[in-house]
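**Q** Enclosed is the structure file input-v3.txt (compact mmCIF, N, CA and C atoms).
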# COMPACT_ATOMS: atom_id res chain seq x y z
N MET A 26 181.78 -12.91 222.42
CA MET A 26 181.00 -11.99 221.64
C MET A 26 180.77 -12.61 220.27
N THR A 27 179.57 -12.51 219.78
CA THR A 27 179.25 -13.04 218.46
C THR A 27 179.02 -11.90 217.49
N SER A 28 179.14 -12.20 216.22
CA SER A 28 178.91 -11.20 215.20
C SER A 28 178.00 -11.76 214.13
N LEU A 29 177.42 -10.87 213.36
CA LEU A 29 176.56 -11.29 212.27
C LEU A 29 177.39 -11.91 211.16
N PRO A 30 176.81 -12.81 210.36
CA PRO A 30 177.59 -13.46 209.30
C PRO A 30 178.22 -12.47 208.33
N GLU A 31 177.52 -11.38 207.98
CA GLU A 31 178.10 -10.43 207.02
C GLU A 31 179.22 -9.60 207.62
N ASP A 32 179.40 -9.63 208.96
CA ASP A 32 180.47 -8.91 209.62
C ASP A 32 181.71 -9.77 209.84
N SER A 33 181.69 -10.99 209.37
CA SER A 33 182.78 -11.91 209.60
C SER A 33 184.04 -11.48 208.86
N ASP A 34 185.17 -11.66 209.49
CA ASP A 34 186.45 -11.31 208.86
C ASP A 34 186.78 -12.24 207.70
N SER A 35 186.20 -13.41 207.66
CA SER A 35 186.54 -14.39 206.63
C SER A 35 185.89 -14.10 205.29
N THR A 36 185.00 -13.12 205.20
CA THR A 36 184.33 -12.85 203.94
C THR A 36 185.05 -11.83 203.08
N GLY A 37 186.11 -11.24 203.58
CA GLY A 37 186.86 -10.22 202.83
C GLY A 37 187.68 -10.83 201.72
N PRO A 38 188.31 -9.98 200.92
CA PRO A 38 189.14 -10.49 199.83
C PRO A 38 190.36 -11.24 200.36
N ALA A 39 190.82 -12.16 199.57
CA ALA A 39 192.00 -12.96 199.96
C ALA A 39 193.23 -12.07 199.93
N PRO A 40 194.18 -12.28 200.83
CA PRO A 40 195.41 -11.47 200.81
C PRO A 40 196.22 -11.74 199.55
N ARG A 41 196.99 -10.77 199.13
CA ARG A 41 197.81 -10.93 197.93
C ARG A 41 198.87 -12.00 198.17
N SER A 42 199.07 -12.82 197.16
CA SER A 42 200.06 -13.87 197.30
C SER A 42 201.47 -13.38 196.96
N ASP A 43 201.58 -12.33 196.16
CA ASP A 43 202.88 -11.82 195.76
C ASP A 43 203.13 -10.48 196.45
N ALA A 44 203.88 -10.50 197.54
CA ALA A 44 204.12 -9.29 198.32
C ALA A 44 205.04 -8.32 197.58
N ASP A 45 205.84 -8.81 196.63
CA ASP A 45 206.76 -7.94 195.89
C ASP A 45 206.04 -7.06 194.88
N GLU A 46 204.83 -7.45 194.51
CA GLU A 46 204.07 -6.68 193.52
C GLU A 46 203.38 -5.52 194.22
N ALA A 47 204.00 -4.35 194.20
CA ALA A 47 203.48 -3.17 194.88
C ALA A 47 202.55 -2.41 193.94
N GLU A 48 201.60 -1.73 194.53
CA GLU A 48 200.67 -0.93 193.76
C GLU A 48 201.40 0.29 193.20
N LYS A 49 201.26 0.54 191.92
CA LYS A 49 201.90 1.69 191.28
C LYS A 49 200.96 2.88 191.37
N ILE A 50 201.48 3.99 191.85
CA ILE A 50 200.71 5.22 191.95
C ILE A 50 201.31 6.21 190.97
N VAL A 51 200.46 6.88 190.21
CA VAL A 51 200.90 7.81 189.18
C VAL A 51 200.37 9.19 189.51
N CYS A 52 201.22 10.20 189.41
CA CYS A 52 200.81 11.58 189.62
C CYS A 52 199.83 11.96 188.51
N ALA A 53 198.67 12.46 188.89
CA ALA A 53 197.63 12.82 187.92
C ALA A 53 198.00 14.06 187.12
N HIS A 54 199.01 14.80 187.56
CA HIS A 54 199.37 16.04 186.87
C HIS A 54 200.56 15.86 185.92
N CYS A 55 201.64 15.24 186.40
CA CYS A 55 202.85 15.14 185.58
C CYS A 55 203.17 13.71 185.13
N GLY A 56 202.56 12.70 185.75
CA GLY A 56 202.80 11.32 185.34
C GLY A 56 203.92 10.61 186.07
N THR A 57 204.52 11.24 187.07
CA THR A 57 205.56 10.59 187.87
C THR A 57 204.97 9.36 188.54
N THR A 58 205.74 8.26 188.60
CA THR A 58 205.24 7.04 189.22
C THR A 58 205.96 6.76 190.53
N ALA A 59 205.26 6.06 191.41
CA ALA A 59 205.83 5.62 192.69
C ALA A 59 205.24 4.26 193.00
N SER A 60 206.03 3.43 193.66
CA SER A 60 205.52 2.13 194.05
C SER A 60 204.96 2.24 195.47
N GLY A 61 203.66 2.14 195.57
CA GLY A 61 202.99 2.24 196.86
C GLY A 61 202.75 3.68 197.26
N PRO A 62 201.90 3.90 198.23
CA PRO A 62 201.59 5.26 198.66
C PRO A 62 202.78 5.95 199.30
N ARG A 63 202.92 7.21 199.03
CA ARG A 63 203.99 8.03 199.58
C ARG A 63 203.38 8.99 200.60
N PRO A 64 203.98 9.13 201.77
CA PRO A 64 203.39 10.01 202.79
C PRO A 64 203.42 11.48 202.42
N THR A 65 204.30 11.88 201.50
CA THR A 65 204.39 13.29 201.14
C THR A 65 203.56 13.64 199.92
N TRP A 66 202.96 12.66 199.26
CA TRP A 66 202.11 12.92 198.12
C TRP A 66 200.74 13.37 198.61
N THR A 67 199.99 14.05 197.75
CA THR A 67 198.66 14.53 198.09
C THR A 67 197.63 13.69 197.36
N CYS A 68 196.56 13.35 198.07
CA CYS A 68 195.46 12.60 197.47
C CYS A 68 194.23 13.50 197.44
N SER A 69 193.59 13.58 196.30
CA SER A 69 192.40 14.40 196.13
C SER A 69 191.30 13.55 195.53
N VAL A 70 190.08 13.71 196.00
CA VAL A 70 188.94 13.00 195.42
C VAL A 70 188.15 14.01 194.61
N GLU A 71 188.09 13.78 193.30
CA GLU A 71 187.38 14.67 192.39
C GLU A 71 186.37 13.86 191.61
N ASN A 72 185.12 14.23 191.72
CA ASN A 72 184.02 13.53 191.05
C ASN A 72 184.01 12.04 191.40
N GLY A 73 184.33 11.72 192.65
CA GLY A 73 184.31 10.34 193.12
C GLY A 73 185.52 9.51 192.75
N THR A 74 186.53 10.12 192.14
CA THR A 74 187.73 9.40 191.73
C THR A 74 188.93 9.95 192.48
N ARG A 75 189.80 9.05 192.97
CA ARG A 75 191.01 9.48 193.66
C ARG A 75 192.08 9.89 192.67
N HIS A 76 192.72 11.01 192.95
CA HIS A 76 193.84 11.50 192.17
C HIS A 76 195.00 11.73 193.12
N TYR A 77 196.17 11.25 192.74
CA TYR A 77 197.38 11.44 193.55
C TYR A 77 198.28 12.45 192.85
N PHE A 78 198.93 13.31 193.66
CA PHE A 78 199.83 14.32 193.12
C PHE A 78 201.17 14.23 193.84
N CYS A 79 202.25 14.24 193.07
CA CYS A 79 203.61 14.13 193.63
C CYS A 79 203.96 15.39 194.41
N ASP A 80 205.09 15.34 195.09
CA ASP A 80 205.54 16.47 195.91
C ASP A 80 205.62 17.76 195.10
N ASP A 81 206.27 17.69 193.94
CA ASP A 81 206.49 18.89 193.14
C ASP A 81 205.19 19.51 192.65
N CYS A 82 204.28 18.69 192.15
CA CYS A 82 203.00 19.20 191.65
C CYS A 82 202.14 19.73 192.79
N ALA A 83 202.18 19.07 193.93
CA ALA A 83 201.40 19.54 195.09
C ALA A 83 201.93 20.89 195.56
N ARG A 84 203.26 21.04 195.62
CA ARG A 84 203.84 22.32 196.05
C ARG A 84 203.53 23.44 195.07
N SER A 85 203.60 23.13 193.78
CA SER A 85 203.36 24.14 192.75
C SER A 85 201.92 24.62 192.73
N ASN A 86 200.99 23.77 193.16
CA ASN A 86 199.57 24.10 193.07
C ASN A 86 198.89 24.12 194.44
N LEU A 87 199.65 24.45 195.47
CA LEU A 87 199.14 24.40 196.83
C LEU A 87 197.91 25.28 197.04
N ARG A 88 197.95 26.50 196.52
CA ARG A 88 196.80 27.39 196.71
C ARG A 88 195.54 26.85 196.04
N ALA A 89 195.67 26.28 194.88
CA ALA A 89 194.51 25.70 194.18
C ALA A 89 193.98 24.49 194.94
N ILE A 90 194.89 23.68 195.50
CA ILE A 90 194.47 22.50 196.27
C ILE A 90 193.73 22.94 197.52
N GLU A 91 194.30 23.92 198.25
CA GLU A 91 193.64 24.40 199.46
C GLU A 91 192.32 25.09 199.16
N GLY A 92 192.21 25.70 197.99
CA GLY A 92 190.96 26.33 197.57
C GLY A 92 189.95 25.32 197.02
N ARG A 93 190.33 24.05 197.04
CA ARG A 93 189.48 22.94 196.59
C ARG A 93 189.07 23.05 195.12
N LEU A 94 189.97 23.60 194.32
CA LEU A 94 189.72 23.64 192.88
C LEU A 94 190.07 22.28 192.28
N ASP A 95 189.24 21.80 191.37
CA ASP A 95 189.56 20.55 190.67
C ASP A 95 190.85 20.75 189.88
N SER A 96 191.59 19.67 189.68
CA SER A 96 192.88 19.76 188.99
C SER A 96 192.73 20.25 187.56
N ALA A 97 191.57 20.16 186.97
CA ALA A 97 191.35 20.67 185.62
C ALA A 97 191.55 22.19 185.58
N TRP A 98 191.37 22.88 186.70
CA TRP A 98 191.51 24.33 186.76
C TRP A 98 192.97 24.77 186.89
N TRP A 99 193.89 23.87 187.27
CA TRP A 99 195.25 24.31 187.42
C TRP A 99 195.91 24.28 186.09
Kindly return the structure encoded in the file as C-alpha cells.
**A**
Amino acid sequence: MTSLPEDSDSTGPAPRSDADEAEKIVCAHCGTTASGPRPTWTCSVENGTRHYFCDDCARSNLRAIEGRLDSAWW
C-alpha cells in the first residue's frame, strides 16, 4: 500500500530526546502542578484553549462543569 507524501510518518516532529523531562500541567483554578496528564483531572476547552483542573477543583465545581459554564463563571 502506498501513501501520499504529506501522509508519511517521517514528516512529523522528532521524538523528544530527554524522556525525563515531563510536561508540567497546572490547574487553571488553583495552580496545583502535576508532571504529565493525570487520569482523574478534568480537561476543558474554553475559547479554543485547553484548561486542566485538578481533582479538588473539578469536584468542587462539578455542576458548573457539567453545565458547560466557562471557568470564569465559577
**Q** Record the distance separating CA of Ile50 in chain A and CA of Gly92 in chain A, expressed in Å with one decimal.
**A**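 That distance, rounded to one decimal, is 23.9 Å.
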**Q** From the list A:Asn86, A:Lys49, A:Cys79, A:Ala97, which residue is nearest Thr67 in chain A when using only C-alpha atoms?
**A**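 Of all the options, A:Cys79 lies closest to Thr67 in chain A.
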**Q** How many Å lie between CA of Arg84 in chain A and CA of Val51 in chain A, rounded to one decimal?
**A** 16.3 Å
**Q** Rounded to one decimal, what separation in Å do you get between CA of Cys52 in chain A and CA of Tyr77 in chain A?
**A**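 It comes out at 5.2 Å.
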**Q** Could you give me, as a list in words, the residues that have an atom at most 8 Å away from the point (205.3, 14.1, 200.9) in the coordinates of the file, using only N, CA and C atoms?
**A**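 Collected hits near the coordinates: Arg63, Pro64, Thr65, Trp66, Thr67, Cys79, Asp80 and Asp81 of chain A.
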**Q** Can you write just those residues out, N, CA and C atoms, as a PDB file, in the coordinates of the input?
**A**
ATOM      1  N   ARG A  63     202.920   7.210 199.030  1.00  0.00           N
ATOM      2  CA  ARG A  63     203.990   8.030 199.580  1.00  0.00           C
ATOM      3  C   ARG A  63     203.380   8.990 200.600  1.00  0.00           C
ATOM      4  N   PRO A  64     203.980   9.130 201.770  1.00  0.00           N
ATOM      5  CA  PRO A  64     203.390  10.010 202.790  1.00  0.00           C
ATOM      6  C   PRO A  64     203.420  11.480 202.420  1.00  0.00           C
ATOM      7  N   THR A  65     204.300  11.880 201.500  1.00  0.00           N
ATOM      8  CA  THR A  65     204.390  13.290 201.140  1.00  0.00           C
ATOM      9  C   THR A  65     203.560  13.640 199.920  1.00  0.00           C
ATOM     10  N   TRP A  66     202.960  12.660 199.260  1.00  0.00           N
ATOM     11  CA  TRP A  66     202.110  12.920 198.120  1.00  0.00           C
ATOM     12  C   TRP A  66     200.740  13.370 198.610  1.00  0.00           C
ATOM     13  N   THR A  67     199.990  14.050 197.750  1.00  0.00           N
ATOM     14  CA  THR A  67     198.660  14.530 198.090  1.00  0.00           C
ATOM     15  C   THR A  67     197.630  13.690 197.360  1.00  0.00           C
ATOM     16  N   CYS A  79     202.250  14.240 193.070  1.00  0.00           N
ATOM     17  CA  CYS A  79     203.610  14.130 193.630  1.00  0.00           C
ATOM     18  C   CYS A  79     203.960  15.390 194.410  1.00  0.00           C
ATOM     19  N   ASP A  80     205.090  15.340 195.090  1.00  0.00           N
ATOM     20  CA  ASP A  80     205.540  16.470 195.910  1.00  0.00           C
ATOM     21  C   ASP A  80     205.620  17.760 195.100  1.00  0.00           C
ATOM     22  N   ASP A  81     206.270  17.690 193.940  1.00  0.00           N
ATOM     23  CA  ASP A  81     206.490  18.890 193.140  1.00  0.00           C
ATOM     24  C   ASP A  81     205.190  19.510 192.650  1.00  0.00           C
TER      25      ASP A  81
END
**Q** Which one of A:Thr58, A:Asp95, A:Ala53, A:Ile90 sits closest to Phe78 in chain A if you count all atoms listed in the file?
**A** A:Ala53
